[in-house]
Number of protein chains: 4
Amino acid sequence: MSYILTIRCQDAVGIVAAVASALAAADAFITESSHYGDEDTGLFFMRTVFRPTGTRFTTREEFGEVMAPVVRRFAMELSLQPADERMKVLLAVSKHGHCLNHLLNRWHSGELPIDVVGVVSNHDDMRRMVDWYGIPYHHLPMQGDKAAQEARFLDVIRESGAALTVLARYMQVLSDDLCRALEGRCINIHHSFLPSFKGAKPYHQAHARGVKVVGATAHYVTADLDEGPIIEQDTVRVGHGLSGEAFVRIGKDVENVVLARAVHWHAEHRVLLNGKRTVVFGPGA
Amino acid sequence: MSYILTIRCQDAVGIVAAVASALAAADAFITESSHYGDEDTGLFFMRTVFRPTGTRFTTREEFGEVMAPVVRRFAMELSLQPADERMKVLLAVSKHGHCLNHLLNRWHSGELPIDVVGVVSNHDDMRRMVDWYGIPYHHLPMQGDKAAQEARFLDVIRESGAALTVLARYMQVLSDDLCRALEGRCINIHHSFLPSFKGAKPYHQAHARGVKVVGATAHYVTADLDEGPIIEQDTVRVGHGLSGEAFVRIGKDVENVVLARAVHWHAEHRVLLNGKRTVVFGPGA
Amino acid sequence: MSYILTIRCQDAVGIVAAVASALAAADAFITESSHYGDEDTGLFFMRTVFRPTGTRFTTREEFGEVMAPVVRRFAMELSLQPADERMKVLLAVSKHGHCLNHLLNRWHSGELPIDVVGVVSNHDDMRRMVDWYGIPYHHLPMQGDKAAQEARFLDVIRESGAALTVLARYMQVLSDDLCRALEGRCINIHHSFLPSFKGAKPYHQAHARGVKVVGATAHYVTADLDEGPIIEQDTVRVGHGLSGEAFVRIGKDVENVVLARAVHWHAEHRVLLNGKRTVVFGPGA
Amino acid sequence: MSYILTIRCQDAVGIVAAVASALAAADAFITESSHYGDEDTGLFFMRTVFRPTGTRFTTREEFGEVMAPVVRRFAMELSLQPADERMKVLLAVSKHGHCLNHLLNRWHSGELPIDVVGVVSNHDDMRRMVDWYGIPYHHLPMQGDKAAQEARFLDVIRESGAALTVLARYMQVLSDDLCRALEGRCINIHHSFLPSFKGAKPYHQAHARGVKVVGATAHYVTADLDEGPIIEQDTVRVGHGLSGEAFVRIGKDVENVVLARAVHWHAEHRVLLNGKRTVVFGPGA
């Protein structure tokens with residue numbers, strides 16, 4: 001049984017020593033650790049994976065007490081999670097099912113360390129796919145009253161216990177209120193290489209501009225549309241012989257991979273917010 | 001209604017003129033065309049997409065007659081297919097379902113220009129997934145008599161009318177006879193960047209070697225294991241912190257994309273054999 | 001001795017036949033050929049490399065006469081160049097010498113099929129490097145009167161006989177007049193993945209936005225700053241631990257490669273203008 | 001003034017705590033830190049950058065004493081270097097000068113944190129380029145007696161004080177003795193994506209095999225040819241229309257970038273040996 005500890009605080013002398021000494025005194029064996037101090041913001045970020053080797057300290061509560069004096073001393077924001085506890089994730093989709101299919105397949109094969117608790121959609125198209133996986137499908141159509149639909153969306157998030165909501169090509173702009181309610185725990189995939197081609201039909205915008213590479217961006221949702229902190233991006237080459245529709249098709253592969261990486265990293269507590277940017281303590285990919 | 005014409009022959013003066021003149025005389029409008037003359041082998045390759053604009057010549061048979069004198073003059077291997085005729089494809093899989101899931105999803109969404117006529121497997125694991133898509137699942141277990149199993153495999157190919165067989169992580173080595181029977185119409189995905197790491201457990205071989213990039217290779221199957229003509233390859237970075245199992249997981253994304261591209265291009269008659277190599281008249285990706 | 005023929009005209013039935021028949025009648029052997037018809041603009045593009053095999057037609061003038069009736073019939077814009085005639089290229093640079101160094105090294109080693117006829121700069125910093133290569137260095141300082149400086153720049157272009165001017169990190173915005181005078185024969189490298197981060201300090205803009213990938217763009221210069229037709233783009237990953245200065249450093253590798261490819265392709269007459277976009281008949285990379 | 005501390009030892013509870021506490025007690029402020037414990041080999045790796053904030057401990061010797069008890073306790077291999085001390089590097093080249101040109105240009109512009117102390121070559125071709133940079137050129141022709149030539153090579157390394165030797169397309173196989181003498185401090189660039197295409201003419205091997213991607217590999221030199229621990233690799237796409245010579249040309253861009261990254265990372269003490277593999281504590285690229 002391992003634990004994942006993440007920390008964010010003002011940078012100072014002695015943070016690593018204090019954390020590592022507290023863990024060592026509790027006979028914890030560190031298996032992975034990354035730190036980063038941002039010189040621009042003066043913030044310090046840390047992610048440490050450790051496992052108990054003694055008998056005195058083994059539970060989450062006990063390690064919480066071990067860390068308490070350190071947390072107070074440095075005024076830390078701290079998160080401490082069992083490494084084998086799969087994060088509960090709610091997916092949202094509209095009519096393009098490729099990202100949904102990719103995430104569900106990866107979850108079902110055991111490779112994505114999450115627990116999918118349901119799928120929300122403003123359409124009914126993906127119900128059959130979701131049924132196959134034996135998880136709830138919440139059809140929340142957008143019938144005029146956006147506030148009411150979002151209230152039901154939020155109810156589903158709460159009732160499902162989801163710690164993360166993933167907009168897997170959910171083609172509705174969330175209200176500012178909902179964005180704020182989900183801050184830091186809602187990931188969107190935008191089908192362009194942000195900040196290029198914000199808004200609607202980005203592949204067709206890209207085609208009209210004559211770009212030679214298209215991309216996709218996974219980011220946290222904020223009230224500022226397509227301006228949230230970026231978690232992951234990737235790109236693929238496109239030639240002059242391809243139509244806007246072909247850009248759409250080719251881009252889907254990048255969307256799948258970029259979104260799945262972002263969800264994977266978030267679920268492993270590898271992504272920390274640093275103002276409008278993110279710190280990603282990645283294992284390689 | 002468009003047609004796709006592909007040609008392979010000894011290179012000579014006047015081939016393009018002869019082909020294009022025959023098509024122009026038949027009022028055919030060329031919408032896409034690529035040629036390649038290989039100086040090493042002396043072979044000429046051509047792929048032309050055209051559509052009828054007149055009324056005298058409109059059917060495949062009529063254009064076949066239009067081309068006949070040119071074919072004889074240059075001793076061409078020629079293929080002439082309606083562009084909207086989806087190639088019949090049979091998929092084969094063992095226990096790793098990611099490529100199968102990816103191909104089926106792309107086919108189901110209408111993006112992969114093929115007609116999946118069934119799935120063959122030496123295991124029963126993927127039946128439920130295949131059932132969802134409403135296509136036949138042929139469970140051909142490998143019970144000692146390899147020749148008998150392969151005979152049944154070949155029967156399925158024939159009865160299904162499949163023009164292409166795709167080994168989407170089918171973990172059986174085909175016999176030389178079966179390889180020869182399927183020459184040029186059977187695509188395999190190998191989970192390494194060939195010619196590195198042939199044979200079994202390539203990701204674990206790659207991990208032991210300490211590579212910083214892993215890849216996947218789609219190739220035509222030949223009797224020479226993992227030596228067939230390569231259609232497509234791609235790679236992804238991996239870091240020191242990743243286990244062999246993580247290499248396996250990350251590599252799956254590359255396998256999906258590489259195999260789907262190869263199938264897409266083959267189905268659009270973009271891939272021509274050039275000895276142990278291929279000519280791929282790609283549209284960009 | 002081979003020739004490179006490029007064509008742009010309104011698309012129609014019989015263009016390829018007419019061109020190929022004219023060449024075949026003149027005993028020309030086609031070694032490479034690509035066509036593209038853009039359905040959006042109705043324009044047809046063609047690039048054909050051929051070599052004479054007979055004795056009647058061997059010079060550029062003779063093949064010009066061979067093509068003349070075809071050119072008239074289809075109202076073609078045609079270019080016909082000896083394949084071994086290296087394009088005369090003038091380079092321009094300010095203080096960042098990496099692209100200049102890369103282009104000069106590639107030219108000097110014989111790999112870049114161009115003939116560098118000189119270097120223009122608004123600073124004197126790169127003189128020593130350019131002297132080493134034995135080519136003229138034109139120091140045209142920007143002392144208030146931009147129009148006068150540009151007039152001298154244009155004189156250098158004319159006197160050197162340069163068919164292409166390459167802005168290899170030349171940090172001056174050209175006037176509209178100069179842009180128009182050099183339309184289609186002036187390539188700029190912009191140090192971002194356009195249309196993201198136009199204007200000044202793009203890497204620092206990218207760093208502030210927290211992107212995970214940076215890129216570079218080679219494009220034809222137009223009066224609309226950073227809006228010219230894109231020839232080539234590429235990208236490279238960047239992590240959270242890198243400063244804006246590190247983005248600058250890492251991006252230079254992409255700038256080098258992207259600009260050299262664009263110059264290489266332009267010099268081989270592979271790039272044709274298609275409105276605000278380009279057609280690139282590439283050989284692979 | 002910062003210091004870079006790297007550590008390799010058997011993994012155990014309390015290593016990070018001991019190191020961090022020793023540094024904190026000496027008023028050192030950690031600005032960057034990465035750890036990695038390899039479960040396969042049981043080895044622990046650490047790289048920490050810190051700067052003094054007090055007055056009692058400021059010199060390298062003082063911090064060496066601070067660390068001494070920790071080093072003894074965990075039987076560590078430790079390196080402690082001033083971060084602003086540029087590593088002395090000797091370059092070696094034969095006739096292909098692209099990597100040499102790239103490294104020298106990057107060093108000269110101040111971006112590569114090394115101090116180039118000279119260039120060794122078995123040919124005289126690159127002398128003029130090296131002279132321009134004002135550094136010694138050691139022409140050590142290979143005239144039959146390989147042992148004598150290598151003895152002189154080793155003399156140059158010693159006399160120049162080089163801590164790293166870089167084989168920047170030096171086309172001689174080093175003897176086992178020389179490999180052993182330079183273990184862990186000699187980097188080679190191999191012009192293929194190892195382990196594919198070891199030995200001579202890798203691009204032509206790759207062309208004959210019909211690959212769709214080529215690559216380059218920077219690795220530490222060992223007596224086992226092309227089998228040394230890999231530091232960095234990268235790849236680039238190639239199409240069917242490219243000759244073996246074109247593969248050579250295109251591959252050079254990858255060689256440049258891959259080798260420069262490897263040298264950069266080694267010079268910043270980011271690369272640690274882990275048996276036949278490497279741990280690379282990278283900042284992103």
# chains A, B, ... in the order shown; residues from 1 in each chain; ligands from 1

call {"tool": "interface_residues", "arguments": {"of": "chain D", "to": "chain A", "cutoff": "12 Å", "atoms": "only C-alpha atoms", "output": "compact mmCIF listing (two decimals) with N, CA and C atoms, in the first residue's frame"}}
result
# COMPACT_ATOMS: atom_id res chain seq x y z
N ASP D 11 19.20 1.91 -2.63
CA ASP D 11 18.04 2.59 -2.09
C ASP D 11 17.79 2.16 -0.64
N ALA D 12 17.23 3.06 0.18
CA ALA D 12 16.97 2.78 1.60
C ALA D 12 16.02 3.85 2.13
N VAL D 13 15.43 3.59 3.28
CA VAL D 13 14.61 4.60 3.94
C VAL D 13 15.50 5.73 4.44
N GLY D 14 15.09 6.96 4.22
CA GLY D 14 15.76 8.08 4.86
C GLY D 14 16.81 8.79 4.05
N ILE D 15 17.04 8.39 2.81
CA ILE D 15 18.09 9.04 2.02
C ILE D 15 17.72 10.50 1.75
N VAL D 16 16.51 10.73 1.24
CA VAL D 16 16.11 12.10 0.92
C VAL D 16 16.12 12.96 2.18
N ALA D 17 15.62 12.41 3.25
CA ALA D 17 15.59 13.16 4.52
C ALA D 17 17.01 13.53 4.94
N ALA D 18 17.92 12.58 4.85
CA ALA D 18 19.29 12.84 5.29
C ALA D 18 19.94 13.92 4.43
N VAL D 19 19.77 13.81 3.11
CA VAL D 19 20.38 14.79 2.22
C VAL D 19 19.75 16.16 2.44
N ALA D 20 18.42 16.19 2.44
CA ALA D 20 17.73 17.48 2.55
C ALA D 20 17.97 18.12 3.91
N SER D 21 18.04 17.29 4.95
CA SER D 21 18.27 17.86 6.28
C SER D 21 19.67 18.44 6.39
N ALA D 22 20.65 17.72 5.84
CA ALA D 22 22.02 18.24 5.86
C ALA D 22 22.09 19.59 5.13
N LEU D 23 21.40 19.67 3.97
CA LEU D 23 21.41 20.92 3.21
C LEU D 23 20.66 22.02 3.96
N ALA D 24 19.52 21.67 4.56
CA ALA D 24 18.74 22.69 5.29
C ALA D 24 19.52 23.20 6.50
N ALA D 25 20.21 22.28 7.17
CA ALA D 25 21.00 22.70 8.34
C ALA D 25 22.12 23.65 7.93
N ALA D 26 22.53 23.54 6.66
CA ALA D 26 23.57 24.44 6.16
C ALA D 26 22.98 25.64 5.44
N ASP D 27 21.67 25.88 5.64
CA ASP D 27 20.99 27.04 5.06
C ASP D 27 21.01 27.06 3.53
N ALA D 28 20.99 25.85 2.94
CA ALA D 28 20.96 25.78 1.49
C ALA D 28 19.51 25.75 1.01
N PHE D 29 19.25 26.50 -0.06
CA PHE D 29 17.90 26.61 -0.63
C PHE D 29 17.85 25.75 -1.89
N ILE D 30 17.00 24.72 -1.88
CA ILE D 30 16.91 23.81 -3.01
C ILE D 30 16.05 24.43 -4.11
N THR D 31 16.60 24.55 -5.34
CA THR D 31 15.83 25.17 -6.42
C THR D 31 15.30 24.14 -7.40
N GLU D 32 15.86 22.95 -7.41
CA GLU D 32 15.42 21.93 -8.35
C GLU D 32 15.83 20.60 -7.76
N SER D 33 14.97 19.60 -7.82
CA SER D 33 15.36 18.31 -7.27
C SER D 33 14.55 17.20 -7.89
N SER D 34 15.21 16.11 -8.23
CA SER D 34 14.55 14.93 -8.78
C SER D 34 15.17 13.69 -8.17
N HIS D 35 14.32 12.71 -7.89
CA HIS D 35 14.79 11.43 -7.36
C HIS D 35 14.24 10.33 -8.22
N TYR D 36 14.89 9.20 -8.21
CA TYR D 36 14.35 8.02 -8.88
C TYR D 36 14.91 6.77 -8.23
N GLY D 37 14.04 5.89 -7.83
CA GLY D 37 14.45 4.60 -7.29
C GLY D 37 14.08 3.52 -8.29
N ASP D 38 15.07 2.79 -8.77
CA ASP D 38 14.80 1.76 -9.77
C ASP D 38 14.48 0.45 -9.06
N GLU D 39 13.25 -0.02 -9.23
CA GLU D 39 12.82 -1.24 -8.52
C GLU D 39 13.57 -2.47 -9.03
N GLY D 42 17.34 -1.83 -7.62
CA GLY D 42 17.47 -1.44 -6.22
C GLY D 42 18.36 -0.21 -6.01
N LEU D 43 18.65 0.50 -7.10
CA LEU D 43 19.49 1.69 -6.98
C LEU D 43 18.65 2.95 -6.84
N PHE D 44 19.21 3.92 -6.13
CA PHE D 44 18.58 5.22 -5.94
C PHE D 44 19.42 6.28 -6.62
N PHE D 45 18.74 7.21 -7.32
CA PHE D 45 19.42 8.29 -8.04
C PHE D 45 18.81 9.62 -7.61
N MET D 46 19.63 10.62 -7.51
CA MET D 46 19.14 11.92 -7.06
C MET D 46 19.96 13.03 -7.70
N ARG D 47 19.29 14.09 -8.08
CA ARG D 47 19.97 15.29 -8.56
C ARG D 47 19.30 16.48 -7.90
N THR D 48 20.09 17.29 -7.23
CA THR D 48 19.56 18.43 -6.48
C THR D 48 20.40 19.65 -6.81
N VAL D 49 19.71 20.75 -7.09
CA VAL D 49 20.39 22.03 -7.29
C VAL D 49 20.04 22.92 -6.11
N PHE D 50 21.06 23.47 -5.49
CA PHE D 50 20.79 24.32 -4.33
C PHE D 50 21.72 25.53 -4.35
N ARG D 51 21.32 26.56 -3.59
CA ARG D 51 22.22 27.70 -3.45
C ARG D 51 22.30 28.09 -1.98
N PRO D 52 23.47 28.54 -1.54
CA PRO D 52 23.65 28.95 -0.14
C PRO D 52 22.80 30.18 0.14
N THR D 53 22.22 30.24 1.32
CA THR D 53 21.52 31.47 1.73
C THR D 53 22.15 32.05 2.99
N GLY D 54 23.03 31.29 3.62
CA GLY D 54 23.69 31.78 4.82
C GLY D 54 25.12 32.20 4.53
N VAL D 236 12.46 11.05 -37.41
CA VAL D 236 11.82 11.93 -38.39
C VAL D 236 11.24 11.04 -39.50
N ARG D 237 10.11 11.45 -40.07
CA ARG D 237 9.45 10.66 -41.10
C ARG D 237 10.19 10.74 -42.43
N VAL D 279 19.50 7.16 -16.40
CA VAL D 279 18.47 8.00 -15.79
C VAL D 279 18.76 9.42 -16.26
N VAL D 280 17.76 10.08 -16.87
CA VAL D 280 17.95 11.44 -17.36
C VAL D 280 16.97 12.35 -16.63
N PHE D 281 17.50 13.16 -15.72
CA PHE D 281 16.65 14.09 -14.98
C PHE D 281 16.50 15.37 -15.80
N GLY D 282 15.60 15.31 -16.77
CA GLY D 282 15.51 16.39 -17.76
C GLY D 282 14.60 17.49 -17.31
N PRO D 283 14.85 18.68 -17.84
CA PRO D 283 14.00 19.83 -17.55
C PRO D 283 12.88 19.97 -18.57
N GLY D 284 12.73 19.03 -19.46
CA GLY D 284 11.69 19.16 -20.47
C GLY D 284 12.20 18.86 -21.86
N ALA D 285 13.36 19.33 -22.19
CA ALA D 285 13.97 19.04 -23.49
C ALA D 285 15.37 19.68 -23.50

call {"tool": "residues_around", "arguments": {"residues": "Gly210 in chain C", "least_positions_apart": "3", "cutoff": "9 Å", "atoms": "only C-alpha atoms", "output": "short mmCIF file (atom, residue, chain, number, x, y, z; two decimals) with C-alpha atoms, in the first residue's frame"}}
result
data_model
loop_
_atom_site.label_atom_id
_atom_site.label_comp_id
_atom_site.auth_asym_id
_atom_site.auth_seq_id
_atom_site.Cartn_x
_atom_site.Cartn_y
_atom_site.Cartn_z
CA PRO A 229 -4.47 25.95 -17.59
CA ILE A 230 -3.07 23.52 -20.18
CA ILE A 231 -2.27 19.98 -19.03
CA LYS A 276 -2.68 30.01 -15.30
CA ARG A 277 -0.16 27.25 -15.91
CA THR A 278 0.29 23.69 -14.67
CA GLN C 205 4.04 34.63 -24.80
CA ALA C 206 3.98 30.84 -25.06
CA HIS C 207 5.67 30.46 -21.68
CA GLY C 239 7.93 21.07 -19.84
CA HIS C 240 6.93 23.19 -16.86
#

call {"tool": "atom_distance", "arguments": {"atom1": "CA of Ser121 in chain D", "atom2": "CA of Glu183 in chain D"}}
result
20.1 Å

call {"tool": "select_by_dssp", "arguments": {"residues": "range 60-261 of chain B", "states": "strand (DSSP E)", "output": "PyMOL selection string"}}
result
chain B and resi 77-82+87-93+114-121+137-139+164-167+186-190+213-220+230-237

call {"tool": "residues_around", "arguments": {"residues": "range 162-167 of chain C", "least_positions_apart": "4", "cutoff": "6 Å", "atoms": "only C-alpha atoms", "output": "PyMOL selection string"}}
result
chain C and resi 88-92+157+185-188

call {"tool": "select_by_dssp", "arguments": {"residues": "range 40-126 of chain A", "states": "helix (DSSP H, G or I)", "output": "number ranges by chain"}}
result
A: 60-74, 98-108

call {"tool": "write_last_selection", "arguments": {"atoms": "C-alpha atoms", "output": "mmCIF file, in the first residue's frame"}}
result
data_model
loop_
_atom_site.group_PDB
_atom_site.id
_atom_site.type_symbol
_atom_site.label_atom_id
_atom_site.label_comp_id
_atom_site.auth_asym_id
_atom_site.auth_seq_id
_atom_site.Cartn_x
_atom_site.Cartn_y
_atom_site.Cartn_z
ATOM 1 C CA ARG A 60 -3.815 7.650 5.832
ATOM 2 C CA GLU A 61 -4.919 9.251 9.083
ATOM 3 C CA GLU A 62 -1.644 8.362 10.777
ATOM 4 C CA PHE A 63 0.426 9.854 7.980
ATOM 5 C CA GLY A 64 -1.846 12.895 8.044
ATOM 6 C CA GLU A 65 -0.826 13.373 11.670
ATOM 7 C CA VAL A 66 2.818 12.806 10.772
ATOM 8 C CA MET A 67 2.603 15.620 8.235
ATOM 9 C CA ALA A 68 0.473 18.008 10.319
ATOM 10 C CA PRO A 69 3.312 19.975 11.944
ATOM 11 C CA VAL A 70 5.052 20.376 8.586
ATOM 12 C CA VAL A 71 1.846 21.546 6.948
ATOM 13 C CA ARG A 72 1.362 24.159 9.652
ATOM 14 C CA ARG A 73 4.977 25.332 9.583
ATOM 15 C CA PHE A 74 4.984 26.023 5.836
ATOM 16 C CA HIS A 98 -14.299 8.844 -30.174
ATOM 17 C CA CYS A 99 -12.828 10.206 -26.933
ATOM 18 C CA LEU A 100 -15.550 8.522 -24.889
ATOM 19 C CA ASN A 101 -14.860 5.213 -26.632
ATOM 20 C CA HIS A 102 -11.127 5.583 -26.070
ATOM 21 C CA LEU A 103 -11.421 6.432 -22.358
ATOM 22 C CA LEU A 104 -13.948 3.657 -21.693
ATOM 23 C CA ASN A 105 -11.829 1.082 -23.520
ATOM 24 C CA ARG A 106 -8.721 2.076 -21.571
ATOM 25 C CA TRP A 107 -10.607 2.056 -18.279
ATOM 26 C CA HIS A 108 -12.213 -1.308 -19.072
#

call {"tool": "residues_around", "arguments": {"residues": "Arg86 in chain C", "least_positions_apart": "4", "cutoff": "8 Å", "atoms": "only C-alpha atoms", "output": "PyMOL selection string"}}
result
chain C and resi 113-115+267

call {"tool": "write_last_selection", "arguments": {"atoms": "N, CA and C atoms", "output": "PDB file, in the first residue's frame"}}
result
ATOM      1  N   PRO C 113      20.167  22.783 -52.225  1.00  0.00           N
ATOM      2  CA  PRO C 113      20.363  23.041 -53.663  1.00  0.00           C
ATOM      3  C   PRO C 113      20.143  24.507 -54.024  1.00  0.00           C
ATOM      4  N   ILE C 114      20.934  25.372 -53.400  1.00  0.00           N
ATOM      5  CA  ILE C 114      20.830  26.799 -53.681  1.00  0.00           C
ATOM      6  C   ILE C 114      22.225  27.376 -53.896  1.00  0.00           C
ATOM      7  N   ASP C 115      22.232  28.618 -54.334  1.00  0.00           N
ATOM      8  CA  ASP C 115      23.484  29.348 -54.544  1.00  0.00           C
ATOM      9  C   ASP C 115      23.348  30.641 -53.726  1.00  0.00           C
ATOM     10  N   ALA C 267      13.330  25.955 -53.456  1.00  0.00           N
ATOM     11  CA  ALA C 267      14.413  25.937 -54.448  1.00  0.00           C
ATOM     12  C   ALA C 267      14.225  24.809 -55.455  1.00  0.00           C
TER      13      ALA C 267
END

call {"tool": "closest_residue", "arguments": {"among": "D:Glu111, D:Asp40, D:Asp177, D:Glu159", "to": "Gly275 in chain D", "atoms": "only C-alpha atoms"}}
result
D:Asp40

call {"tool": "atom_distance", "arguments": {"atom1": "CA of Ala218 in chain D", "atom2": "CA of Arg270 in chain A"}}
result
29.0 Å

call {"tool": "atom_distance", "arguments": {"atom1": "CA of His264 in chain A", "atom2": "CA of Gly241 in chain C"}}
result
20.2 Å

call {"tool": "residues_around", "arguments": {"residues": "range 124-132 of chain A", "least_positions_apart": "3", "cutoff": "10 Å", "atoms": "only C-alpha atoms", "output": "ChimeraX atom specification"}}
result
/A:93-97,100-101,104,118-121,135-141 /B:128-129,132-133

call {"tool": "residues_around", "arguments": {"residues": "range 246-259 of chain A", "least_positions_apart": "2", "cutoff": "7 Å", "atoms": "only C-alpha atoms", "output": "PDB file with N, CA and C atoms, in the first residue's frame"}}
result
ATOM      1  N   CYS A  99     -13.547  10.094 -28.205  1.00  0.00           N
ATOM      2  CA  CYS A  99     -12.828  10.206 -26.933  1.00  0.00           C
ATOM      3  C   CYS A  99     -13.498   9.349 -25.857  1.00  0.00           C
ATOM      4  N   HIS A 102     -12.531   5.810 -26.416  1.00  0.00           N
ATOM      5  CA  HIS A 102     -11.127   5.583 -26.070  1.00  0.00           C
ATOM      6  C   HIS A 102     -10.955   5.493 -24.550  1.00  0.00           C
ATOM      7  N   ILE A 189     -11.239  18.666 -23.507  1.00  0.00           N
ATOM      8  CA  ILE A 189     -10.355  18.505 -24.663  1.00  0.00           C
ATOM      9  C   ILE A 189     -10.792  19.505 -25.729  1.00  0.00           C
ATOM     10  N   HIS A 191     -10.218  20.750 -29.565  1.00  0.00           N
ATOM     11  CA  HIS A 191      -9.697  20.126 -30.774  1.00  0.00           C
ATOM     12  C   HIS A 191      -8.885  21.100 -31.623  1.00  0.00           C
ATOM     13  N   TYR A 203     -10.845  22.867 -36.668  1.00  0.00           N
ATOM     14  CA  TYR A 203     -10.149  22.214 -37.780  1.00  0.00           C
ATOM     15  C   TYR A 203     -10.426  22.942 -39.093  1.00  0.00           C
ATOM     16  N   VAL A 214      -1.729  20.078 -37.190  1.00  0.00           N
ATOM     17  CA  VAL A 214      -2.868  20.370 -36.317  1.00  0.00           C
ATOM     18  C   VAL A 214      -2.625  19.693 -34.967  1.00  0.00           C
ATOM     19  N   GLY A 215      -3.392  20.106 -33.965  1.00  0.00           N
ATOM     20  CA  GLY A 215      -3.148  19.578 -32.635  1.00  0.00           C
ATOM     21  C   GLY A 215      -4.389  19.553 -31.787  1.00  0.00           C
ATOM     22  N   ALA A 216      -4.195  19.129 -30.540  1.00  0.00           N
ATOM     23  CA  ALA A 216      -5.279  19.095 -29.567  1.00  0.00           C
ATOM     24  C   ALA A 216      -4.713  19.493 -28.210  1.00  0.00           C
ATOM     25  N   THR A 217      -5.591  19.998 -27.346  1.00  0.00           N
ATOM     26  CA  THR A 217      -5.192  20.551 -26.056  1.00  0.00           C
ATOM     27  C   THR A 217      -6.138  20.075 -24.965  1.00  0.00           C
ATOM     28  N   ALA A 218      -5.590  19.467 -23.918  1.00  0.00           N
ATOM     29  CA  ALA A 218      -6.396  19.141 -22.740  1.00  0.00           C
ATOM     30  C   ALA A 218      -6.098  20.192 -21.678  1.00  0.00           C
ATOM     31  N   GLU A 232      -1.921  19.125 -21.275  1.00  0.00           N
ATOM     32  CA  GLU A 232      -1.185  18.376 -22.291  1.00  0.00           C
ATOM     33  C   GLU A 232      -1.618  18.839 -23.677  1.00  0.00           C
ATOM     34  N   GLN A 233      -0.657  18.776 -24.619  1.00  0.00           N
ATOM     35  CA  GLN A 233      -0.907  19.099 -26.024  1.00  0.00           C
ATOM     36  C   GLN A 233      -0.092  18.156 -26.890  1.00  0.00           C
ATOM     37  N   ASP A 234      -0.565  17.935 -28.082  1.00  0.00           N
ATOM     38  CA  ASP A 234       0.243  17.203 -29.054  1.00  0.00           C
ATOM     39  C   ASP A 234      -0.238  17.580 -30.453  1.00  0.00           C
ATOM     40  N   THR A 235       0.547  17.199 -31.454  1.00  0.00           N
ATOM     41  CA  THR A 235       0.282  17.644 -32.819  1.00  0.00           C
ATOM     42  C   THR A 235       0.485  16.510 -33.818  1.00  0.00           C
ATOM     43  N   LEU A 242      -5.491  17.391 -47.993  1.00  0.00           N
ATOM     44  CA  LEU A 242      -6.533  16.981 -47.058  1.00  0.00           C
ATOM     45  C   LEU A 242      -7.598  18.063 -46.917  1.00  0.00           C
ATOM     46  N   SER A 243      -8.850  17.655 -46.882  1.00  0.00           N
ATOM     47  CA  SER A 243      -9.962  18.577 -46.680  1.00  0.00           C
ATOM     48  C   SER A 243     -10.111  18.922 -45.197  1.00  0.00           C
ATOM     49  N   GLY A 244     -10.947  19.892 -44.903  1.00  0.00           N
ATOM     50  CA  GLY A 244     -11.267  20.202 -43.511  1.00  0.00           C
ATOM     51  C   GLY A 244     -11.831  18.981 -42.792  1.00  0.00           C
ATOM     52  N   ARG A 261      -4.058  11.008 -21.703  1.00  0.00           N
ATOM     53  CA  ARG A 261      -2.866  11.311 -20.898  1.00  0.00           C
ATOM     54  C   ARG A 261      -3.223  12.273 -19.766  1.00  0.00           C
ATOM     55  N   ALA A 262      -3.975  13.325 -20.089  1.00  0.00           N
ATOM     56  CA  ALA A 262      -4.323  14.331 -19.075  1.00  0.00           C
ATOM     57  C   ALA A 262      -5.118  13.692 -17.949  1.00  0.00           C
ATOM     58  N   VAL A 263      -6.072  12.838 -18.293  1.00  0.00           N
ATOM     59  CA  VAL A 263      -6.886  12.180 -17.269  1.00  0.00           C
ATOM     60  C   VAL A 263      -6.009  11.253 -16.435  1.00  0.00           C
TER      61      VAL A 263
ATOM     62  N   GLU B 111     -15.740   6.674 -40.554  1.00  0.00           N
ATOM     63  CA  GLU B 111     -14.518   7.349 -40.969  1.00  0.00           C
ATOM     64  C   GLU B 111     -13.520   6.439 -41.676  1.00  0.00           C
ATOM     65  N   ASP B 253      -1.223   3.262 -27.926  1.00  0.00           N
ATOM     66  CA  ASP B 253      -1.729   4.410 -28.671  1.00  0.00           C
ATOM     67  C   ASP B 253      -1.084   4.490 -30.058  1.00  0.00           C
ATOM     68  N   VAL B 257      -2.981   3.966 -33.925  1.00  0.00           N
ATOM     69  CA  VAL B 257      -2.930   4.978 -34.970  1.00  0.00           C
ATOM     70  C   VAL B 257      -2.224   4.431 -36.215  1.00  0.00           C
TER      71      VAL B 257
END
